[in-house]
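Quick look at structure.cif (mmCIF, C-alpha atoms):
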data_my_file
loop_
_atom_site.label_atom_id
_atom_site.label_comp_id
_atom_site.auth_asym_id
_atom_site.auth_seq_id
_atom_site.Cartn_x
_atom_site.Cartn_y
_atom_site.Cartn_z
CA MET A 527 -17.48 13.16 -4.09
CA THR A 528 -14.17 11.76 -3.02
CA GLN A 529 -14.55 8.33 -1.51
CA ILE A 530 -12.35 5.94 0.41
CA LYS A 531 -13.29 2.28 0.36
CA ALA A 532 -11.54 -0.29 2.47
CA LEU A 533 -11.78 -4.01 1.99
CA GLY A 534 -9.91 -5.88 4.63
CA TYR A 535 -6.92 -8.10 3.89
CA GLY A 536 -3.99 -7.74 6.24
CA SER A 537 -1.32 -5.61 7.81
CA LEU A 538 -0.46 -4.42 4.34
CA TRP A 539 -3.65 -3.59 2.49
CA ALA A 540 -3.54 -4.88 -1.04
CA HIS A 541 -5.79 -6.09 -3.84
CA THR A 542 -8.60 -4.24 -5.49
CA THR A 543 -12.40 -4.14 -5.24
CA THR A 544 -15.36 -3.37 -7.41
CA ARG A 545 -17.67 -0.40 -6.95
CA SER A 546 -20.42 -2.74 -5.72
CA GLY A 547 -18.39 -4.63 -3.14
CA PRO A 548 -15.57 -7.12 -2.70
CA ALA A 549 -14.67 -9.34 -5.59
CA ALA A 550 -12.05 -11.91 -6.39
CA ILE A 551 -8.95 -10.32 -7.83
CA PRO A 552 -8.69 -11.14 -11.54
CA LEU A 553 -5.84 -13.47 -12.43
CA ARG A 554 -4.53 -10.91 -14.91
CA THR A 555 -4.27 -8.29 -12.16
CA ARG A 556 -2.55 -10.70 -9.77
CA VAL A 557 0.01 -11.66 -12.41
CA LYS A 558 0.66 -8.03 -13.34
CA ASP A 559 1.12 -7.08 -9.69
CA ALA A 560 3.50 -9.98 -9.08
CA LEU A 561 5.62 -9.04 -12.10
CA ALA A 562 5.60 -5.38 -11.06
CA SER A 563 6.76 -6.33 -7.59
CA ALA A 564 9.72 -8.07 -9.22
CA GLY A 565 10.51 -4.96 -11.25
CA ILE A 566 9.26 -6.47 -14.52
CA ARG A 567 7.00 -4.05 -16.41
CA ARG A 568 5.78 -3.58 -19.94
CA PRO A 569 7.36 -0.59 -21.71
CA ARG A 570 5.44 2.57 -20.89
CA PHE A 571 4.61 3.32 -24.53
CA VAL A 572 2.34 0.24 -24.67
CA ARG A 573 0.71 0.67 -21.27
CA GLY A 574 -2.08 3.05 -22.13
CA PRO A 575 -3.16 6.48 -20.85
CA ARG A 576 -1.11 8.53 -18.41
CA THR A 577 -1.97 11.00 -15.74
CA GLU A 578 -1.51 14.67 -16.61
CA THR A 579 1.88 14.54 -14.87
CA PRO A 580 3.89 11.78 -13.21
CA PHE A 581 3.66 11.68 -9.42
CA ASP A 582 7.04 10.80 -7.98
CA ALA A 583 7.68 9.39 -4.52
CA PRO A 584 7.66 12.28 -2.05
CA HIS A 585 9.40 12.90 1.24
CA LEU A 586 6.56 13.49 3.70
CA THR A 587 7.17 14.68 7.23
CA THR A 588 4.63 14.14 10.01
CA ASP A 589 4.97 14.93 13.70
CA ARG A 590 7.08 11.84 14.39
CA LEU A 591 7.77 10.23 11.04
CA LEU A 592 9.47 10.60 7.70
CA LEU A 593 7.81 8.85 4.76
CA ARG A 594 10.35 8.55 1.95
CA PRO A 595 11.51 6.19 -0.82
CA HIS A 596 13.17 2.96 0.27
CA ARG A 597 16.97 2.67 0.17
CA LEU A 598 19.28 -0.33 0.01
CA GLY A 599 20.78 0.89 3.26
CA ASP A 600 17.47 -0.05 4.92
CA ALA A 601 18.25 -3.75 4.50
CA ALA A 602 18.73 -4.61 8.19
CA ASP A 603 15.55 -2.81 9.27
CA TRP A 604 13.57 -4.31 6.36
CA TYR A 605 14.66 -7.84 7.23
CA ASP A 606 13.70 -7.26 10.86
CA LEU A 607 10.27 -5.97 9.82
CA GLN A 608 9.35 -8.67 7.31
CA SER A 609 10.64 -11.44 9.61
CA GLU A 610 8.07 -10.62 12.30
CA PRO A 611 5.44 -13.41 12.37
CA SER A 612 2.63 -10.96 13.17
CA VAL A 613 3.56 -8.91 10.10
CA SER A 614 3.44 -11.79 7.63
CA GLN A 615 0.47 -13.53 9.26
CA PHE A 616 -2.11 -11.80 7.07
CA LEU A 617 0.10 -11.06 4.10
CA PRO A 618 0.92 -13.19 1.04
CA TRP A 619 4.62 -12.79 1.80
CA PRO A 620 6.82 -15.91 1.76
CA GLU A 621 9.40 -16.55 4.45
CA ARG A 622 12.60 -14.82 3.32
CA ASP A 623 16.22 -15.16 4.39
CA ARG A 624 18.44 -12.08 4.38
CA LYS A 625 19.35 -12.50 0.71
CA ALA A 626 15.72 -12.78 -0.39
CA SER A 627 14.75 -9.92 1.89
CA PHE A 628 17.40 -7.73 0.24
CA ARG A 629 16.01 -8.56 -3.21
CA HIS A 630 12.53 -7.67 -1.97
CA LEU A 631 13.83 -4.34 -0.67
CA ARG A 632 15.69 -3.72 -3.94
CA ASP A 633 12.43 -4.19 -5.83
CA ARG A 634 10.73 -1.72 -3.51
CA THR A 635 13.37 0.94 -4.23
CA ARG A 636 12.22 0.87 -7.87
CA HIS A 637 8.60 1.70 -7.08
CA THR A 638 8.78 5.48 -7.04
CA ARG A 639 6.32 6.79 -9.64
CA LEU A 640 2.58 6.81 -10.33
CA TRP A 641 1.81 7.66 -13.94
CA GLN A 642 -0.06 4.81 -15.63
CA ALA A 643 -2.52 2.17 -14.51
CA ASP A 644 -1.02 -0.40 -12.10
CA ASP A 645 2.00 1.76 -11.25
CA PHE A 646 3.05 1.09 -7.66
CA LEU A 647 4.66 3.54 -5.23
CA ALA A 648 6.12 2.42 -1.90
CA LEU A 649 7.45 4.58 0.92
CA ALA A 650 9.49 3.58 3.93
CA VAL A 651 8.17 4.76 7.28
CA GLU A 652 11.18 6.08 9.18
CA ARG A 653 11.30 7.00 12.84
CA GLU A 654 14.41 8.11 14.69
CA GLY A 655 16.65 6.91 11.88
CA HIS A 656 15.14 3.43 11.49
CA VAL A 657 12.59 2.00 9.06
CA ILE A 658 9.64 0.71 11.09
CA GLY A 659 7.05 0.25 8.36
CA ASP A 660 5.88 0.77 4.80
CA VAL A 661 2.97 2.58 3.14
CA SER A 662 2.08 2.20 -0.52
CA LEU A 663 -0.22 3.29 -3.34
CA HIS A 664 -1.27 1.41 -6.49
CA LEU A 665 -2.67 3.55 -9.30
CA ARG A 666 -5.72 1.69 -10.59
CA THR A 667 -7.65 4.26 -12.66
CA VAL A 668 -5.93 7.09 -14.52
CA ALA A 669 -8.74 9.42 -15.67
CA ARG A 670 -8.90 12.54 -13.50
CA GLU A 671 -12.67 12.28 -12.98
CA THR A 672 -12.52 8.69 -11.71
CA ARG A 673 -8.94 8.39 -10.50
CA GLU A 674 -8.55 5.52 -8.07
CA VAL A 675 -5.60 4.36 -6.02
CA GLU A 676 -5.23 1.40 -3.70
CA ILE A 677 -3.54 1.90 -0.35
CA GLY A 678 -1.41 -0.44 1.71
CA TRP A 679 0.40 -0.26 5.04
CA VAL A 680 2.48 -2.46 7.29
CA MET A 681 4.04 -1.59 10.64
CA HIS A 682 6.51 -3.28 12.99
CA PRO A 683 4.55 -4.58 16.00
CA SER A 684 6.99 -3.02 18.45
CA HIS A 685 5.61 0.37 17.41
CA SER A 686 1.93 -0.47 17.79
CA GLY A 687 -0.37 1.22 20.25
CA ARG A 688 1.19 4.68 19.81
CA GLY A 689 -0.82 6.07 16.91
CA ILE A 690 2.16 5.71 14.57
CA ALA A 691 0.36 3.59 11.97
CA THR A 692 -2.49 6.10 11.94
CA GLU A 693 -0.01 8.94 11.44
CA ALA A 694 1.69 7.14 8.55
CA ALA A 695 -1.61 6.25 6.87
CA GLU A 696 -2.88 9.82 7.17
CA GLY A 697 0.34 11.04 5.57
CA ILE A 698 0.05 8.84 2.48
CA LEU A 699 -3.70 9.49 2.22
CA GLY A 700 -3.03 13.22 2.11
CA PHE A 701 -0.60 12.68 -0.76
CA ALA A 702 -3.14 10.46 -2.58
CA PHE A 703 -5.91 13.03 -2.41
CA GLU A 704 -4.09 16.35 -2.52
CA THR A 705 -1.25 15.58 -4.95
CA VAL A 706 -2.29 12.55 -6.99
CA GLY A 707 -5.87 13.80 -7.16
CA ALA A 708 -7.49 10.49 -6.26
CA ARG A 709 -11.27 10.45 -6.20
CA THR A 710 -11.37 7.02 -4.60
CA VAL A 711 -8.90 5.18 -2.40
CA THR A 712 -9.47 1.45 -2.03
CA ALA A 713 -7.90 -1.04 0.35
CA VAL A 714 -8.19 -4.67 1.36
CA THR A 715 -7.72 -6.17 4.83
CA ASP A 716 -8.43 -9.49 6.46
CA ALA A 717 -11.33 -9.22 8.90
CA ARG A 718 -9.30 -11.31 11.36
CA ASN A 719 -6.64 -8.61 11.40
CA THR A 720 -8.37 -6.61 14.10
CA ARG A 721 -5.61 -4.01 14.31
CA SER A 722 -6.01 -3.03 10.65
CA VAL A 723 -9.78 -2.91 11.00
CA ALA A 724 -9.44 -0.72 14.09
CA LEU A 725 -6.98 1.54 12.29
CA ALA A 726 -9.39 1.96 9.38
CA LYS A 727 -12.12 2.99 11.80
CA ARG A 728 -9.81 5.49 13.48
CA LEU A 729 -9.27 7.01 10.04
CA GLY A 730 -13.03 7.39 9.71
CA PHE A 731 -13.97 4.24 7.82
CA THR A 732 -17.42 2.83 8.48
CA GLU A 733 -17.97 -0.92 8.26
CA LEU A 734 -20.45 -1.79 5.54
CA ALA A 735 -20.41 -5.59 5.65
CA LYS A 736 -19.07 -8.33 7.87
CA ALA A 737 -17.22 -11.37 6.56
CA ARG A 738 -19.64 -13.91 5.16
CA HIS A 739 -19.75 -17.20 3.28
CA GLY A 740 -16.38 -18.17 4.66
CA SER A 741 -14.70 -15.04 3.27
CA PRO A 742 -12.20 -13.32 5.58
CA GLU A 743 -12.93 -9.93 4.04
CA SER A 744 -14.55 -7.03 5.86
CA VAL A 745 -15.84 -3.96 4.02
CA LEU A 746 -15.47 -0.40 5.35
CA VAL A 747 -16.03 2.97 3.68
CA LEU A 748 -15.32 6.65 4.25
CA HIS A 749 -16.79 9.54 2.23
CA ARG A 750 -15.10 12.89 1.91
#
Representation of the structure as structure tokens:
Amino acid sequence: MTQIKALGYGSLWAHTTTRSGPAAIPLRTRVKDALASAGIRRPRFVRGPRTETPFDAPHLTTDRLLLRPHRLGDAADWYDLQSEPSVSQFLPWPERDRKASFRHLRDRTRHTRLWQADDFLALAVEREGHVIGDVSLHLRTVARETREVEIGWVMHPSHSGRGIATEAAEGILGFAFETVGARTVTAVTDARNTRSVALAKRLGFTELAKARHGSPESVLVLHR
């Protein structure tokens, strides 16, 4: 049975979980993700099994949005997005000036293929010619029978309250299940980020556990 698990961690869902519940992210995974974000990867021939075919970044059209690979021409919109305090509040993103923001965007333009474990794919969320958000997938498990991806999203607050984040998340989820063949989609959000928790519930997630023992994490799940 296809399953979506969500563990709460922020506007952009990130980090992985175990099958039995939330767990601390292994240092090895954190380091690999940080290097990948900077465009530094091990050569593919030493990175283990591959999916039956590579899954390249698509262009997905919804009623109001275009989800497509990032471009360097998005620099002004990307700086505006990542400079919003409410966007970075629950994310491990440092404060960036325009130069650092451009480097961050440049790194994102490189994340366009899922093929081996820990590959990362990021799509810009475009509306009326402007980038207003980002949705992403991390390939965690390659085998077809147990294939798992991790989802993330972030949206400019000026576009909240209109169902746009829901529309973008549904678009990337459809790609994860129907094209990538994911059996499980995981996510992480901070329980204090009430908008992300509410969005997860609108997508059909059911809360399994509240934050406890000082942890900010909230656990939600959806079966398909």
Please, which residues are within 10 Å of (-6.2, 4.2, -4.6) by the file's coordinates, counting only C-alpha atoms, and could they come as a JSON list (two decimals) with C-alpha atoms, in the coordinates of the input?
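And here is the file that came out, result_34.json:
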[["chain", "number", "residue", "atom", "x", "y", "z"],
["A", 529, "GLN", "CA", -14.55, 8.33, -1.51],
["A", 530, "ILE", "CA", -12.35, 5.94, 0.41],
["A", 531, "LYS", "CA", -13.29, 2.28, 0.36],
["A", 532, "ALA", "CA", -11.54, -0.29, 2.47],
["A", 542, "THR", "CA", -8.60, -4.24, -5.49],
["A", 662, "SER", "CA", 2.08, 2.20, -0.52],
["A", 663, "LEU", "CA", -0.22, 3.29, -3.34],
["A", 664, "HIS", "CA", -1.27, 1.41, -6.49],
["A", 665, "LEU", "CA", -2.67, 3.55, -9.30],
["A", 666, "ARG", "CA", -5.72, 1.69, -10.59],
["A", 667, "THR", "CA", -7.65, 4.26, -12.66],
["A", 673, "ARG", "CA", -8.94, 8.39, -10.50],
["A", 674, "GLU", "CA", -8.55, 5.52, -8.07],
["A", 675, "VAL", "CA", -5.60, 4.36, -6.02],
["A", 676, "GLU", "CA", -5.23, 1.40, -3.70],
["A", 677, "ILE", "CA", -3.54, 1.90, -0.35],
["A", 678, "GLY", "CA", -1.41, -0.44, 1.71],
["A", 699, "LEU", "CA", -3.70, 9.49, 2.22],
["A", 702, "ALA", "CA", -3.14, 10.46, -2.58],
["A", 703, "PHE", "CA", -5.91, 13.03, -2.41],
["A", 706, "VAL", "CA", -2.29, 12.55, -6.99],
["A", 707, "GLY", "CA", -5.87, 13.80, -7.16],
["A", 708, "ALA", "CA", -7.49, 10.49, -6.26],
["A", 709, "ARG", "CA", -11.27, 10.45, -6.20],
["A", 710, "THR", "CA", -11.37, 7.02, -4.60],
["A", 711, "VAL", "CA", -8.90, 5.18, -2.40],
["A", 712, "THR", "CA", -9.47, 1.45, -2.03],
["A", 713, "ALA", "CA", -7.90, -1.04, 0.35]]
With all atoms listed in the file as the counted atoms, please give the residues lying no more than 10 Å from Val680 in chain A, apart from itself and same-chain residues fewer than 6 positions off, as a ChimeraX atom specification. /A:536-539,607-608,613-614,617,650-651,658-662,691,694-695,722
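Picked out by the PyMOL selection byres ((chain A and resi 622-626) around 9) when it runs on this file: Ala601, Ala602, Tyr605, Gln608, Ser609, Trp619, Pro620, Glu621, Ser627, Phe628, Arg629, His630 and Leu631 of chain A.
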Range 633-640 of chain A surroundings by only C-alpha atoms, 7 Å radius, close-in-sequence under 5 positions cut, as number ranges by chain: A: 563-565, 580-583, 595-597, 645-648, 665
Rounded to one decimal in Å, what is the spacing between CA of Leu649 in chain A and CA of Leu593 in chain A? 5.8 Å
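Counting all atoms listed in the file, the residue from A:Thr720, A:Thr692, A:Thr587, A:Thr579 that sits nearest to Arg653 in chain A is A:Thr587.
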Got a sec: who's within 9 Å of Leu586 in chain A, counting all atoms listed in the file, leaving out chain neighbours fewer than 3 positions off, as a ChimeraX atom specification? /A:591-594,697-698,701
Any chance you could work out the axis-aligned box around range 672-687 of chain A, listed atoms only, 4 Å on each side, giving centre and edge lengths in Å to one decimal, as JSON?
{"center_x": -2.8, "center_y": 2.1, "center_z": 4.3, "size_x": 27.5, "size_y": 21.3, "size_z": 40.0}
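Interatomic distance, CA of Gly700 in chain A to CA of Gly730 in chain A: 13.8 Å.
By only C-alpha atoms, and with residues fewer than 6 positions from Glu610 in chain A along its chain excluded, the set lying at most 10 Å from it is Glu621, His682, Pro683 and Ser684 of chain A.
Between CA of Trp679 in chain A and CA of Thr577 in chain A the separation is 23.8 Å.
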What's the 9 Å shell around Leu729 in chain A, counting only C-alpha atoms, without same-chain residues fewer than 2 positions away, as a short mmCIF file (atom, residue, chain, number, x, y, z; two decimals) with C-alpha atoms, in the coordinates of the input?
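Done, and the output landed in out.cif:
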data_model
loop_
_atom_site.label_atom_id
_atom_site.label_comp_id
_atom_site.auth_asym_id
_atom_site.auth_seq_id
_atom_site.Cartn_x
_atom_site.Cartn_y
_atom_site.Cartn_z
CA THR A 692 -2.49 6.10 11.94
CA ALA A 695 -1.61 6.25 6.87
CA GLU A 696 -2.88 9.82 7.17
CA ALA A 724 -9.44 -0.72 14.09
CA LEU A 725 -6.98 1.54 12.29
CA ALA A 726 -9.39 1.96 9.38
CA LYS A 727 -12.12 2.99 11.80
CA PHE A 731 -13.97 4.24 7.82
CA LEU A 748 -15.32 6.65 4.25
#
Please complete range 654-672 of chain A so it has N, CA, C and O atoms, and hand it over as a short mmCIF file (atom, residue, chain, number, x, y, z; two decimals), in the coordinates of the input.
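The result, stored in out_36.cif:
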data_model
loop_
_atom_site.label_atom_id
_atom_site.label_comp_id
_atom_site.auth_asym_id
_atom_site.auth_seq_id
_atom_site.Cartn_x
_atom_site.Cartn_y
_atom_site.Cartn_z
N GLU A 654 13.15 8.04 13.96
CA GLU A 654 14.41 8.11 14.69
C GLU A 654 15.52 7.34 13.98
O GLU A 654 16.31 6.62 14.59
N GLY A 655 15.57 7.49 12.66
CA GLY A 655 16.65 6.91 11.88
C GLY A 655 16.49 5.47 11.48
O GLY A 655 17.37 4.91 10.82
N HIS A 656 15.37 4.83 11.83
CA HIS A 656 15.14 3.43 11.49
C HIS A 656 13.82 3.26 10.74
O HIS A 656 12.84 3.95 11.03
N VAL A 657 13.82 2.32 9.79
CA VAL A 657 12.59 2.00 9.06
C VAL A 657 11.75 1.06 9.92
O VAL A 657 12.21 -0.02 10.31
N ILE A 658 10.54 1.49 10.22
CA ILE A 658 9.64 0.71 11.09
C ILE A 658 8.38 0.27 10.36
O ILE A 658 7.53 -0.40 10.95
N GLY A 659 8.25 0.64 9.07
CA GLY A 659 7.05 0.25 8.36
C GLY A 659 7.12 0.66 6.90
O GLY A 659 8.15 1.09 6.38
N ASP A 660 5.98 0.52 6.24
CA ASP A 660 5.88 0.77 4.80
C ASP A 660 4.45 1.20 4.50
O ASP A 660 3.49 0.64 5.06
N VAL A 661 4.29 2.21 3.65
CA VAL A 661 2.97 2.58 3.14
C VAL A 661 3.08 2.62 1.62
O VAL A 661 4.15 2.91 1.07
N SER A 662 1.99 2.33 0.93
CA SER A 662 2.08 2.20 -0.52
C SER A 662 0.79 2.63 -1.21
O SER A 662 -0.29 2.66 -0.59
N LEU A 663 0.92 2.95 -2.49
CA LEU A 663 -0.22 3.29 -3.34
C LEU A 663 -0.07 2.56 -4.67
O LEU A 663 1.03 2.51 -5.23
N HIS A 664 -1.18 2.02 -5.16
CA HIS A 664 -1.27 1.41 -6.49
C HIS A 664 -2.22 2.27 -7.31
O HIS A 664 -3.37 2.47 -6.90
N LEU A 665 -1.78 2.77 -8.43
CA LEU A 665 -2.67 3.55 -9.30
C LEU A 665 -3.52 2.57 -10.11
O LEU A 665 -3.00 1.80 -10.91
N ARG A 666 -4.83 2.63 -9.92
CA ARG A 666 -5.72 1.69 -10.59
C ARG A 666 -6.46 2.32 -11.77
O ARG A 666 -6.65 1.69 -12.80
N THR A 667 -6.93 3.57 -11.60
CA THR A 667 -7.65 4.26 -12.66
C THR A 667 -6.99 5.60 -12.91
O THR A 667 -6.75 6.36 -11.96
N VAL A 668 -6.72 5.91 -14.18
CA VAL A 668 -5.93 7.09 -14.52
C VAL A 668 -6.77 8.35 -14.69
O VAL A 668 -6.38 9.44 -14.27
N ALA A 669 -7.94 8.24 -15.33
CA ALA A 669 -8.74 9.42 -15.67
C ALA A 669 -8.97 10.31 -14.44
O ALA A 669 -9.31 9.82 -13.37
N ARG A 670 -8.81 11.61 -14.62
CA ARG A 670 -8.90 12.54 -13.50
C ARG A 670 -10.26 12.45 -12.79
O ARG A 670 -10.34 12.52 -11.56
N GLU A 671 -11.33 12.28 -13.56
CA GLU A 671 -12.67 12.28 -12.98
C GLU A 671 -12.95 11.04 -12.14
O GLU A 671 -13.82 11.07 -11.26
N THR A 672 -12.26 9.96 -12.42
CA THR A 672 -12.52 8.69 -11.71
C THR A 672 -11.26 8.11 -11.12
O THR A 672 -11.21 6.91 -10.84
#
